[in-house]
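Asks: File name structure_9.csv; file contents CSV, C-alpha atoms; full text below.
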chain,number,residue,atom,x,y,z
A,194,MET,CA,-4.2,96.0,5.1
A,195,GLY,CA,-7.0,97.2,2.9
A,196,SER,CA,-9.2,94.5,1.3
A,197,LEU,CA,-9.8,91.2,3.0
A,198,ASN,CA,-9.6,89.5,-0.3
A,199,PRO,CA,-6.4,87.9,-1.7
A,200,ASP,CA,-4.4,90.4,-3.8
A,201,PRO,CA,-4.6,89.6,-7.6
A,202,ALA,CA,-1.6,91.8,-8.2
A,203,PHE,CA,0.4,89.6,-5.8
A,204,TRP,CA,-0.7,86.2,-7.3
A,205,ALA,CA,-0.9,87.0,-11.0
A,206,GLY,CA,1.8,85.0,-12.8
A,207,ARG,CA,3.2,83.7,-9.5
A,208,SER,CA,4.3,80.1,-9.4
A,209,VAL,CA,2.6,78.1,-6.7
A,210,LEU,CA,3.2,74.5,-5.7
A,211,LEU,CA,0.1,73.1,-4.0
A,212,THR,CA,0.3,69.7,-2.4
A,213,GLY,CA,-2.9,67.8,-1.8
A,214,HIS,CA,-4.5,69.5,-4.8
A,215,THR,CA,-6.8,66.5,-5.5
A,216,GLY,CA,-8.5,66.8,-2.1
A,217,PHE,CA,-11.6,68.7,-1.1
A,218,LYS,CA,-9.8,71.8,0.2
A,219,GLY,CA,-7.2,71.5,-2.5
A,220,ALA,CA,-9.7,71.6,-5.3
A,221,TRP,CA,-11.3,74.7,-3.9
A,222,LEU,CA,-7.9,76.4,-3.4
A,223,SER,CA,-6.7,75.5,-6.9
A,224,LEU,CA,-9.7,77.1,-8.4
A,225,TRP,CA,-9.3,80.3,-6.3
A,226,LEU,CA,-5.6,80.5,-7.3
A,227,GLU,CA,-6.5,80.1,-10.9
A,228,ARG,CA,-9.0,82.9,-10.6
A,229,LEU,CA,-6.2,85.1,-9.1
A,230,GLY,CA,-4.0,84.4,-12.1
A,231,ALA,CA,-1.4,82.2,-10.3
A,232,ARG,CA,0.5,79.4,-12.1
A,233,VAL,CA,-0.5,76.4,-10.0
A,234,THR,CA,1.3,73.0,-10.0
A,235,GLY,CA,-0.4,70.3,-8.0
A,236,PHE,CA,1.2,67.3,-6.3
A,237,GLY,CA,-0.9,64.6,-4.6
A,238,LEU,CA,-2.4,61.2,-4.8
A,239,PRO,CA,-5.3,60.4,-7.1
A,240,ALA,CA,-8.6,61.7,-5.6
A,241,LEU,CA,-9.7,59.1,-3.0
A,242,THR,CA,-13.5,59.3,-3.3
A,243,ARG,CA,-16.1,58.8,-6.0
A,244,PRO,CA,-17.5,61.3,-6.8
A,245,ASN,CA,-14.9,64.0,-6.0
A,246,LEU,CA,-14.6,67.7,-6.8
A,247,PHE,CA,-11.1,67.5,-8.3
A,248,ASP,CA,-12.3,65.4,-11.2
A,249,ARG,CA,-15.0,67.9,-12.0
A,250,ILE,CA,-13.1,71.2,-11.9
A,251,GLY,CA,-10.8,70.6,-15.0
A,252,PHE,CA,-7.4,71.0,-13.3
A,253,PRO,CA,-4.9,71.2,-16.2
A,254,PRO,CA,-3.4,67.7,-16.6
A,255,GLU,CA,0.0,69.1,-17.6
A,256,ALA,CA,0.2,70.9,-14.2
A,257,SER,CA,-0.9,68.0,-12.1
A,258,ARG,CA,1.7,65.6,-10.7
A,259,ILE,CA,0.3,62.5,-9.2
A,260,GLY,CA,2.6,61.2,-6.5
A,261,ASP,CA,3.0,60.3,-2.9
A,262,ILE,CA,4.3,62.8,-0.3
A,263,ARG,CA,6.2,59.9,1.2
A,264,ASP,CA,8.4,59.7,-2.0
A,265,PRO,CA,11.1,62.4,-1.8
A,266,GLN,CA,12.2,61.8,-5.4
A,267,ALA,CA,8.7,62.3,-6.8
A,268,LEU,CA,8.2,65.4,-4.7
A,269,GLY,CA,11.6,66.8,-5.8
A,270,ALA,CA,10.5,66.3,-9.5
A,271,ALA,CA,7.4,68.3,-8.8
A,272,PHE,CA,9.5,71.1,-7.3
A,273,ALA,CA,11.8,71.0,-10.3
A,274,MET,CA,8.8,71.3,-12.7
A,275,ALA,CA,7.0,74.0,-10.8
A,276,GLN,CA,10.0,76.2,-9.8
A,277,PRO,CA,7.7,77.6,-7.1
A,278,SER,CA,7.8,81.0,-5.4
A,279,ILE,CA,5.1,79.9,-3.0
A,280,VAL,CA,4.5,76.5,-1.5
A,281,ILE,CA,1.2,75.6,0.2
A,282,HIS,CA,1.4,72.1,1.8
A,283,MET,CA,-2.0,70.5,2.3
A,284,ALA,CA,-1.4,66.9,1.4
A,285,ALA,CA,-2.4,64.8,4.4
A,286,ARG,CA,-4.3,61.9,6.0
A,287,ALA,CA,-7.2,64.0,7.1
A,288,LEU,CA,-9.5,61.9,9.4
A,289,VAL,CA,-9.3,60.8,13.0
A,290,ARG,CA,-11.0,57.4,13.0
A,291,PRO,CA,-9.1,55.9,10.0
A,292,SER,CA,-5.9,56.9,11.7
A,293,TYR,CA,-6.5,54.2,14.2
A,294,LEU,CA,-6.5,51.6,11.4
A,295,ASP,CA,-3.2,52.7,9.9
A,296,PRO,CA,-1.2,54.7,12.4
A,297,VAL,CA,2.1,54.0,10.6
A,298,GLY,CA,0.8,55.4,7.3
A,299,THR,CA,-0.8,58.4,9.1
A,300,PHE,CA,2.5,59.4,10.8
A,301,ALA,CA,4.4,58.7,7.5
A,302,VAL,CA,2.2,61.0,5.5
A,303,ASN,CA,1.4,63.8,8.0
A,304,THR,CA,4.8,64.0,9.8
A,305,MET,CA,7.4,62.6,7.5
A,306,GLY,CA,5.5,64.1,4.5
A,307,THR,CA,6.1,67.5,6.1
A,308,VAL,CA,9.8,66.7,6.5
A,309,HIS,CA,10.0,65.8,2.8
A,310,VAL,CA,8.3,69.0,1.7
A,311,LEU,CA,10.6,71.2,3.9
A,312,GLU,CA,13.6,69.3,2.6
A,313,ALA,CA,12.5,70.0,-0.9
A,314,VAL,CA,12.1,73.7,0.0
A,315,ARG,CA,15.7,73.8,1.3
A,316,ALA,CA,16.9,72.7,-2.1
A,317,ALA,CA,14.7,75.2,-4.0
A,318,ARG,CA,16.3,78.6,-3.5
A,319,ASP,CA,13.5,80.5,-5.3
A,320,VAL,CA,10.9,79.7,-2.7
A,321,ARG,CA,9.9,82.8,-0.7
A,322,ALA,CA,6.9,81.6,1.4
A,323,VAL,CA,5.7,78.2,2.7
A,324,VAL,CA,2.4,77.6,4.4
A,325,VAL,CA,2.2,74.2,6.2
A,326,VAL,CA,-1.4,73.4,6.8
A,327,THR,CA,-1.9,71.2,9.9
A,328,SER,CA,-5.0,71.1,12.1
A,329,ASP,CA,-6.8,72.5,15.1
A,330,LYS,CA,-6.4,68.9,16.5
A,331,ALA,CA,-2.7,69.4,16.7
A,332,TYR,CA,-3.2,70.9,20.2
A,333,GLU,CA,-3.0,68.9,23.4
A,334,ASN,CA,-6.7,68.6,24.0
A,335,ARG,CA,-7.6,69.2,27.7
A,336,GLU,CA,-11.4,69.2,27.1
A,337,TRP,CA,-11.7,72.7,28.5
A,338,PRO,CA,-14.2,75.3,27.4
A,339,TYR,CA,-11.6,77.8,26.3
A,340,ALA,CA,-10.3,78.3,22.8
A,341,TYR,CA,-6.7,77.2,22.1
A,342,ARG,CA,-4.2,79.9,21.3
A,343,GLU,CA,-1.1,79.5,19.2
A,344,THR,CA,1.1,79.3,22.3
A,345,GLU,CA,-0.6,76.2,23.7
A,346,ALA,CA,1.2,72.9,23.7
A,347,MET,CA,1.0,70.5,20.8
A,348,GLY,CA,-0.2,67.0,21.5
A,349,GLY,CA,-2.8,64.4,20.4
A,350,HIS,CA,-4.6,61.5,21.9
A,351,ASP,CA,-5.2,59.7,18.5
A,352,PRO,CA,-2.7,59.0,15.7
A,353,TYR,CA,-4.1,61.7,13.5
A,354,SER,CA,-4.0,64.5,16.1
A,355,ALA,CA,-0.5,63.4,17.3
A,356,SER,CA,0.8,63.3,13.7
A,357,LYS,CA,-0.4,66.8,13.1
A,358,GLY,CA,1.2,67.9,16.4
A,359,CYS,CA,4.4,66.3,15.2
A,360,ALA,CA,4.1,68.2,11.9
A,361,GLU,CA,3.9,71.4,13.9
A,362,LEU,CA,7.1,70.5,15.8
A,363,VAL,CA,8.8,69.6,12.5
A,364,THR,CA,7.9,72.9,11.0
A,365,ALA,CA,9.1,74.9,14.0
A,366,ALA,CA,12.4,72.9,14.1
A,367,TYR,CA,13.1,73.4,10.4
A,368,ARG,CA,12.2,77.1,10.6
A,369,ALA,CA,14.7,77.6,13.5
A,370,SER,CA,17.4,75.4,12.0
A,371,PHE,CA,17.4,76.1,8.3
A,372,PHE,CA,15.5,79.2,7.3
A,373,GLY,CA,15.8,82.9,7.8
A,374,GLY,CA,18.6,85.4,7.3
A,375,GLU,CA,21.3,84.2,4.9
A,376,ARG,CA,20.5,80.5,5.4
A,377,HIS,CA,17.5,80.4,3.1
A,378,PRO,CA,15.2,83.2,1.9
A,379,ALA,CA,11.9,81.3,2.5
A,380,ARG,CA,9.7,82.2,5.4
A,381,ILE,CA,7.9,79.2,7.0
A,382,ALA,CA,4.5,79.4,8.8
A,383,SER,CA,1.9,76.8,9.9
A,384,ALA,CA,-1.8,77.2,9.7
A,385,ARG,CA,-4.3,75.4,12.1
A,386,ALA,CA,-7.9,75.6,10.9
A,387,GLY,CA,-11.2,74.5,12.5
A,388,ASN,CA,-13.6,71.9,11.0
A,389,VAL,CA,-14.4,72.9,7.4
A,390,ILE,CA,-17.6,72.4,5.6
A,391,GLY,CA,-18.6,73.2,2.0
A,392,GLY,CA,-19.8,71.8,-1.2
A,393,GLY,CA,-17.8,69.1,-3.0
A,394,ASP,CA,-16.6,67.1,0.0
A,395,TRP,CA,-17.4,63.4,-0.4
A,396,SER,CA,-15.1,62.0,2.2
A,397,GLN,CA,-16.2,58.9,4.1
A,398,ASP,CA,-16.7,59.2,7.9
A,399,ARG,CA,-17.2,62.9,7.8
A,400,LEU,CA,-20.4,64.6,9.0
A,401,VAL,CA,-21.6,66.7,6.1
A,402,PRO,CA,-20.9,64.1,3.3
A,403,ASP,CA,-22.4,61.4,5.4
A,404,MET,CA,-25.6,63.5,5.8
A,405,VAL,CA,-25.8,64.3,2.1
A,406,ARG,CA,-25.5,60.6,1.1
A,407,ALA,CA,-28.3,59.8,3.6
A,408,PHE,CA,-30.5,62.6,2.3
A,409,GLU,CA,-30.1,61.5,-1.3
A,410,VAL,CA,-31.5,58.1,-0.6
A,411,GLY,CA,-34.0,59.1,2.1
A,412,GLU,CA,-32.2,57.3,5.0
A,413,SER,CA,-31.8,58.2,8.6
A,414,VAL,CA,-28.5,59.9,9.4
A,415,GLU,CA,-26.1,58.0,11.7
A,416,ILE,CA,-24.5,60.3,14.3
A,417,ARG,CA,-21.7,59.2,16.6
A,418,ALA,CA,-21.4,62.1,19.0
A,419,PRO,CA,-24.2,64.6,18.8
A,420,HIS,CA,-22.9,66.7,21.8
A,421,ALA,CA,-19.3,67.1,20.5
A,422,ILE,CA,-18.4,70.8,20.0
A,423,ARG,CA,-16.4,71.8,17.0
A,424,PRO,CA,-15.1,75.1,15.4
A,425,TRP,CA,-17.2,74.9,12.2
A,426,GLN,CA,-16.4,77.2,9.3
A,427,HIS,CA,-17.0,77.3,5.5
A,428,VAL,CA,-14.0,76.1,3.5
A,429,LEU,CA,-13.4,79.5,2.0
A,430,GLU,CA,-12.6,81.0,5.4
A,431,PRO,CA,-9.4,79.2,6.2
A,432,LEU,CA,-8.4,79.3,2.5
A,433,ALA,CA,-8.6,83.1,2.6
A,434,GLY,CA,-6.4,82.9,5.7
A,435,TYR,CA,-3.8,80.7,4.0
A,436,LEU,CA,-3.6,83.1,1.0
A,437,ARG,CA,-3.3,86.2,3.2
A,438,LEU,CA,-0.6,84.5,5.3
A,439,ALA,CA,1.4,83.6,2.1
A,440,GLU,CA,1.2,87.2,1.0
A,441,CYS,CA,2.5,88.5,4.3
A,442,LEU,CA,5.3,85.9,4.4
A,443,ALA,CA,6.5,86.9,1.0
A,444,GLY,CA,6.4,90.7,1.9
A,445,GLY,CA,9.3,92.8,3.0
A,446,ASP,CA,8.6,92.1,6.7
A,447,GLY,CA,7.7,88.5,6.1
A,448,ALA,CA,9.9,87.1,8.9
A,449,ALA,CA,7.5,88.6,11.4
A,450,PHE,CA,4.8,86.2,10.2
A,451,ALA,CA,6.9,83.1,10.2
A,452,GLU,CA,5.1,81.3,13.1
A,453,GLY,CA,1.9,79.3,13.8
A,454,TRP,CA,-1.5,80.7,13.1
A,455,ASN,CA,-5.1,79.8,14.0
A,456,PHE,CA,-8.0,80.3,11.6
A,457,GLY,CA,-11.3,79.6,13.3
A,458,PRO,CA,-14.9,80.9,13.7
A,459,ALA,CA,-16.4,83.2,16.2
A,460,ASP,CA,-17.1,81.6,19.6
A,461,GLU,CA,-20.9,81.5,19.0
A,462,ASP,CA,-20.3,79.3,15.9
A,463,CYS,CA,-18.6,76.6,17.9
A,464,ARG,CA,-21.7,74.4,18.0
A,465,PRO,CA,-22.5,70.7,18.8
A,466,VAL,CA,-22.8,68.2,16.0
A,467,SER,CA,-26.6,68.0,16.7
A,468,TYR,CA,-27.0,71.6,15.7
A,469,LEU,CA,-25.4,71.0,12.3
A,470,VAL,CA,-27.6,67.9,11.7
A,471,GLU,CA,-30.8,69.8,12.3
A,472,ARG,CA,-29.7,73.1,10.6
A,473,LEU,CA,-28.3,71.5,7.5
A,474,SER,CA,-31.3,69.3,7.2
A,475,ARG,CA,-33.5,72.4,7.1
A,476,GLY,CA,-31.1,74.0,4.6
A,477,TRP,CA,-31.4,70.9,2.4
A,478,GLY,CA,-35.2,71.2,2.4
A,479,ARG,CA,-36.1,68.7,5.0
A,480,THR,CA,-36.9,69.1,8.6
A,481,ILE,CA,-35.7,66.8,11.3
A,482,GLY,CA,-38.8,66.8,13.6
A,483,LYS,CA,-38.9,63.1,14.4
A,484,PRO,CA,-36.4,61.0,16.3
A,485,ALA,CA,-36.3,58.5,13.4
A,486,GLU,CA,-34.7,61.1,11.1
A,487,TRP,CA,-31.3,60.6,12.8
A,488,HIS,CA,-30.0,58.0,15.1
A,489,LEU,CA,-27.0,57.3,17.3
A,490,SER,CA,-24.4,55.0,15.8
A,491,GLY,CA,-24.3,51.7,17.7
A,492,GLY,CA,-21.3,50.0,19.2
A,493,THR,CA,-18.1,51.5,20.7
A,494,HIS,CA,-15.9,54.0,18.9
A,495,PRO,CA,-12.3,55.1,19.2
A,496,HIS,CA,-11.6,58.2,21.3
A,497,GLU,CA,-12.4,61.5,19.7
A,498,ALA,CA,-12.2,64.9,21.5
A,499,THR,CA,-15.6,66.2,22.8
A,500,TYR,CA,-14.7,69.9,23.1
A,501,LEU,CA,-12.5,71.8,20.7
A,502,LYS,CA,-12.2,75.5,19.8
A,503,VAL,CA,-9.4,77.7,18.4
A,504,ASP,CA,-8.7,81.4,19.1
A,505,ALA,CA,-8.1,83.3,15.9
A,506,SER,CA,-7.5,86.7,17.6
A,507,LYS,CA,-3.9,86.9,16.3
A,508,ALA,CA,-5.0,86.4,12.7
A,509,ARG,CA,-7.6,89.1,13.0
A,510,ALA,CA,-5.2,91.5,14.7
A,511,ARG,CA,-2.1,91.0,12.6
A,512,LEU,CA,-3.2,89.5,9.3
A,513,GLY,CA,-6.4,91.5,8.9
A,514,TRP,CA,-8.2,88.2,8.4
A,515,ASP,CA,-11.7,87.6,9.7
A,516,ARG,CA,-14.5,85.2,9.0
A,517,ARG,CA,-17.2,86.5,6.8
A,518,LEU,CA,-19.9,83.8,7.0
A,519,ASN,CA,-21.6,82.9,10.3
A,520,LEU,CA,-22.3,79.2,10.8
A,521,ASP,CA,-26.0,79.4,9.6
A,522,THR,CA,-24.9,81.1,6.4
A,523,ALA,CA,-22.1,78.7,5.9
A,524,LEU,CA,-24.6,75.8,6.2
A,525,ASP,CA,-27.0,77.5,3.8
A,526,TRP,CA,-24.2,77.8,1.2
A,527,THR,CA,-23.1,74.2,1.7
A,528,ALA,CA,-26.7,72.9,1.4
A,529,ALA,CA,-27.3,75.0,-1.7
A,530,TRP,CA,-24.1,73.7,-3.4
A,531,TYR,CA,-25.0,70.0,-2.8
A,532,ARG,CA,-28.7,70.5,-3.7
A,533,GLU,CA,-27.8,72.1,-7.0
A,534,ALA,CA,-25.1,69.6,-7.8
A,535,VAL,CA,-27.4,66.7,-7.2
A,536,SER,CA,-29.9,68.5,-9.5
A,537,GLY,CA,-27.3,68.4,-12.3
A,538,ALA,CA,-25.5,71.8,-12.0
A,539,ASP,CA,-21.8,71.9,-12.9
A,540,PRO,CA,-19.7,71.5,-9.7
A,541,ARG,CA,-17.0,73.8,-11.1
A,542,ALA,CA,-19.5,76.6,-11.9
A,543,LEU,CA,-21.0,76.2,-8.4
A,544,THR,CA,-17.6,76.5,-6.8
A,545,GLU,CA,-16.5,79.5,-8.8
A,546,ALA,CA,-19.8,81.2,-8.1
A,547,GLN,CA,-19.4,80.8,-4.4
A,548,ILE,CA,-15.8,82.1,-4.5
A,549,ALA,CA,-17.0,85.2,-6.4
A,550,ARG,CA,-19.9,85.6,-3.9
A,551,TYR,CA,-17.4,85.3,-1.0
A,552,GLU,CA,-15.1,87.9,-2.6
A,553,ALA,CA,-18.0,90.3,-3.1
A,554,LEU,CA,-18.7,90.2,0.7
A,555,ASP,CA,-15.6,92.5,1.1
A,556,ALA,CA,-17.6,95.3,-0.5
A,557,PRO,CA,-19.2,97.9,1.9
A,558,GLY,CA,-22.7,96.9,2.8
A,559,ALA,CA,-22.5,93.5,1.2
A,560,LYS,CA,-24.8,90.8,2.6
A,561,PRO,CA,-24.1,87.1,2.5
Could you show the structure in this file as structure tokens?
Replies:
Amino acid sequence: MGSLNPDPAFWAGRSVLLTGHTGFKGAWLSLWLERLGARVTGFGLPALTRPNLFDRIGFPPEASRIGDIRDPQALGAAFAMAQPSIVIHMAARALVRPSYLDPVGTFAVNTMGTVHVLEAVRAARDVRAVVVVTSDKAYENREWPYAYRETEAMGGHDPYSASKGCAELVTAAYRASFFGGERHPARIASARAGNVIGGGDWSQDRLVPDMVRAFEVGESVEIRAPHAIRPWQHVLEPLAGYLRLAECLAGGDGAAFAEGWNFGPADEDCRPVSYLVERLSRGWGRTIGKPAEWHLSGGTHPHEATYLKVDASKARARLGWDRRLNLDTALDWTAAWYREAVSGADPRALTEAQIARYEALDAPGAKP
């Protein structure tokens, strides 16, 4: 397939509807699509945290539709405005523990929100490719040491994970019932990514933002589950996968790619939470050498999986996608982004510089 980078010739001038554009991953992806020359229309709620990356990147106000994915009329209006060729659906309730506090809202956004997007696609005959972003947590977690493959059962112990498993079932049902052949020209795929890290994430109750907030004020970092294993990867890794997948779906043999896909790190980068705490602290410029530098969170907590990995062999073999940053490098890039932003650097410029640096890694002999 040639270059691992997204193809500017494919994206230049192409109309893209991106749901969840105000979120952490959405802000990164909107900048990358802009760099590729795409015409991006965003649909999503106002950014939920202060600070946030979306407010700092200068997304064109005329292309941003603020609305709720649970509102089919508002979503339909965004489709009518965008007239998209490509739809990338990322709007979601994205955290496990808050899903216990509002399970109804979590299922409404993550499951029925996906229904609303696919219904809007059915009414939009110009759409050629749809990437529905779910989660590695969509799999029925059996706490085994093996990586989950795309053929494993969907499931979920907690409302968030179950809602993402449901979104996968919705996507598969709509694909089988309404798309393909003469029914509708769009090809529909789902994407399940590992735990993403990167600059500009200010979410509450997420490891890296919680650490950065503690670092800024010199406090000890509160850690819930230091031994939990996760498939960590820099945010640009799965985004590159989503873009490559959309390109393949819109191609002449796109029907062959209309299925579920994993985007995850190499096995050696599936590390415990404690590794990230210690390694990111060194990348920030501090060393955790004393027990007082981080502490276990007190009390009891809702269930969260202890062991989780995804197998991205299919994406490597069939999409030509592969991760470019090992975990240590991803943590260095993340720490550098936050350190420079805290020192006054422009978040948009920092993000664009890391996208350009990531693209340059495709050159022969490039070093991260």
Asks: Using all atoms listed in the file and a cutoff of 12 Å, can you tell me which residues are near (3.2, 79.5, -5.8) in the file's coordinates, and write them out as number ranges by chain?
Replies: A: 203-212, 222-223, 226-227, 229-235, 272, 275-282, 319-324, 436, 439-440, 443
Asks: Might you pull out every residue within 12 Å of Ala366 of chain A, with only C-alpha atoms counted and same-chain residues fewer than 3 positions away left off, and present them as a tab-separated table (two decimals) with C-alpha atoms, in the frame of the given file?
Replies:
chain	number	residue	atom	x	y	z
A	307	THR	CA	6.10	67.50	6.10
A	308	VAL	CA	9.80	66.70	6.50
A	311	LEU	CA	10.60	71.20	3.90
A	359	CYS	CA	4.40	66.30	15.20
A	360	ALA	CA	4.10	68.20	11.90
A	361	GLU	CA	3.90	71.40	13.90
A	362	LEU	CA	7.10	70.50	15.80
A	363	VAL	CA	8.80	69.60	12.50
A	369	ALA	CA	14.70	77.60	13.50
A	370	SER	CA	17.40	75.40	12.00
A	371	PHE	CA	17.40	76.10	8.30
A	372	PHE	CA	15.50	79.20	7.30
A	381	ILE	CA	7.90	79.20	7.00
A	382	ALA	CA	4.50	79.40	8.80
A	383	SER	CA	1.90	76.80	9.90
A	452	GLU	CA	5.10	81.30	13.10
Asks: Counting all atoms listed in the file, what is within 10 Å of segment 386-388 of chain A, bar same-chain residues fewer than 5 positions away, as a list of chain:residue names?
Replies: A:Val326, A:Thr327, A:Ser328, A:Asp329, A:Lys330, A:Ala331, A:Arg423, A:Pro424, A:Trp425, A:Gln426, A:His427, A:Val428, A:Glu430, A:Pro431, A:Leu432, A:Gly434, A:Tyr435, A:Trp454, A:Asn455, A:Phe456, A:Gly457, A:Pro458, A:Cys463, A:Leu501, A:Lys502, A:Val503, A:Asp504, A:Ala505
Asks: Report, in Å to a single decimal, how far apart atom CA of Leu288 of chain A and atom CA of Leu246 of chain A are.
Replies: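 Distance reported for this atom pair: 17.9 Å.
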Asks: Compare A:Arg385, A:Phe300, A:Ala202, A:Arg243 by their minimum atom-to-atom distance to Met283 of chain A, counting only C-alpha atoms, and give me the closest one.
Replies: A:Arg385
Asks: What separation in Å, quoted to one decimal, exists between atom CA of Tyr341 of chain A and atom CA of Arg286 of chain A?
Replies: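 Atom CA of Tyr341 of chain A sits 22.3 Å away from atom CA of Arg286 of chain A.
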Asks: Take atom CA of Tyr367 of chain A and atom CA of Arg315 of chain A and report the distance between them in Å, one decimal.
Replies: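 Interatomic distance, atom CA of Tyr367 of chain A to atom CA of Arg315 of chain A: 9.5 Å.
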Asks: Pick out the residues sitting within 7 Å of segment 255-263 of chain A, and hand them over as a ChimeraX atom specification; count only C-alpha atoms, and ignore anything fewer than 3 positions along from it in its own chain.
Replies: /A:233-239,267-268,271,301-302,305-306
Asks: If you count all atoms listed in the file, which residues fall within 10 Å of Ala346 of chain A, apart from same-chain ones fewer than 6 positions away, as a PyMOL selection string?
Replies: chain A and resi 331-334+358
Asks: Write the residues of the preceding selection, restricted to C-alpha atoms, as a PDB file, in the coordinates of the input.
Replies:
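New file again-v6.pdb:
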ATOM      1  CA  ALA A 331      -2.700  69.400  16.700  1.00  0.00           C
ATOM      2  CA  TYR A 332      -3.200  70.900  20.200  1.00  0.00           C
ATOM      3  CA  GLU A 333      -3.000  68.900  23.400  1.00  0.00           C
ATOM      4  CA  ASN A 334      -6.700  68.600  24.000  1.00  0.00           C
ATOM      5  CA  GLY A 358       1.200  67.900  16.400  1.00  0.00           C
TER       6      GLY A 358
END
Asks: What's around Ser292 of chain A at 12 Å? Count only C-alpha atoms, leave out sequence neighbours fewer than 2 positions away in its own chain, and write the answer as an NGL selection string.
Replies: :A and (285-290 or 294-303 or 349-357 or 398 or 495-497)
Asks: Nearest to Trp337 of chain A: which of A:Trp526, A:Thr544, A:Ile422, A:Leu469 is it, counting only C-alpha atoms?
Replies: A:Ile422
Asks: Have a look at A:Gln266, A:Thr242, A:Asn519, A:Ser467 and name the one nearest to Val414 of chain A; count all atoms listed in the file.
Replies: A:Ser467
Asks: Can you sort out segment 406-420 of chain A so it carries N, CA and C atoms, written as a compact mmCIF listing (two decimals), in the coordinates of the input?
Replies:
# COMPACT_ATOMS: atom_id res chain seq x y z
N ARG A 406 -25.22 61.97 1.69
CA ARG A 406 -25.50 60.60 1.10
C ARG A 406 -26.79 60.06 1.69
N ALA A 407 -27.04 60.26 2.97
CA ALA A 407 -28.30 59.80 3.60
C ALA A 407 -29.49 60.51 3.00
N PHE A 408 -29.36 61.84 2.84
CA PHE A 408 -30.50 62.60 2.30
C PHE A 408 -30.85 62.16 0.90
N GLU A 409 -29.84 61.86 0.07
CA GLU A 409 -30.10 61.50 -1.30
C GLU A 409 -30.95 60.24 -1.44
N VAL A 410 -30.80 59.32 -0.51
CA VAL A 410 -31.50 58.10 -0.60
C VAL A 410 -32.65 57.97 0.44
N GLY A 411 -32.87 59.08 1.18
CA GLY A 411 -34.00 59.10 2.10
C GLY A 411 -33.77 58.28 3.38
N GLU A 412 -32.51 58.08 3.77
CA GLU A 412 -32.20 57.30 5.00
C GLU A 412 -32.02 58.16 6.19
N SER A 413 -32.14 57.54 7.35
CA SER A 413 -31.80 58.20 8.60
C SER A 413 -30.31 58.45 8.68
N VAL A 414 -29.93 59.57 9.28
CA VAL A 414 -28.50 59.90 9.40
C VAL A 414 -27.93 59.31 10.66
N GLU A 415 -26.82 58.61 10.52
CA GLU A 415 -26.10 58.00 11.70
C GLU A 415 -25.18 59.00 12.28
N ILE A 416 -25.35 59.30 13.56
CA ILE A 416 -24.50 60.30 14.30
C ILE A 416 -23.81 59.62 15.41
N ARG A 417 -22.48 59.84 15.50
CA ARG A 417 -21.70 59.20 16.60
C ARG A 417 -21.73 60.00 17.87
N ALA A 418 -21.55 61.32 17.77
CA ALA A 418 -21.40 62.10 19.00
C ALA A 418 -22.13 63.44 18.84
N PRO A 419 -23.44 63.42 19.06
CA PRO A 419 -24.20 64.60 18.80
C PRO A 419 -23.88 65.80 19.71
N HIS A 420 -23.23 65.55 20.83
CA HIS A 420 -22.90 66.70 21.80
C HIS A 420 -21.49 67.18 21.60
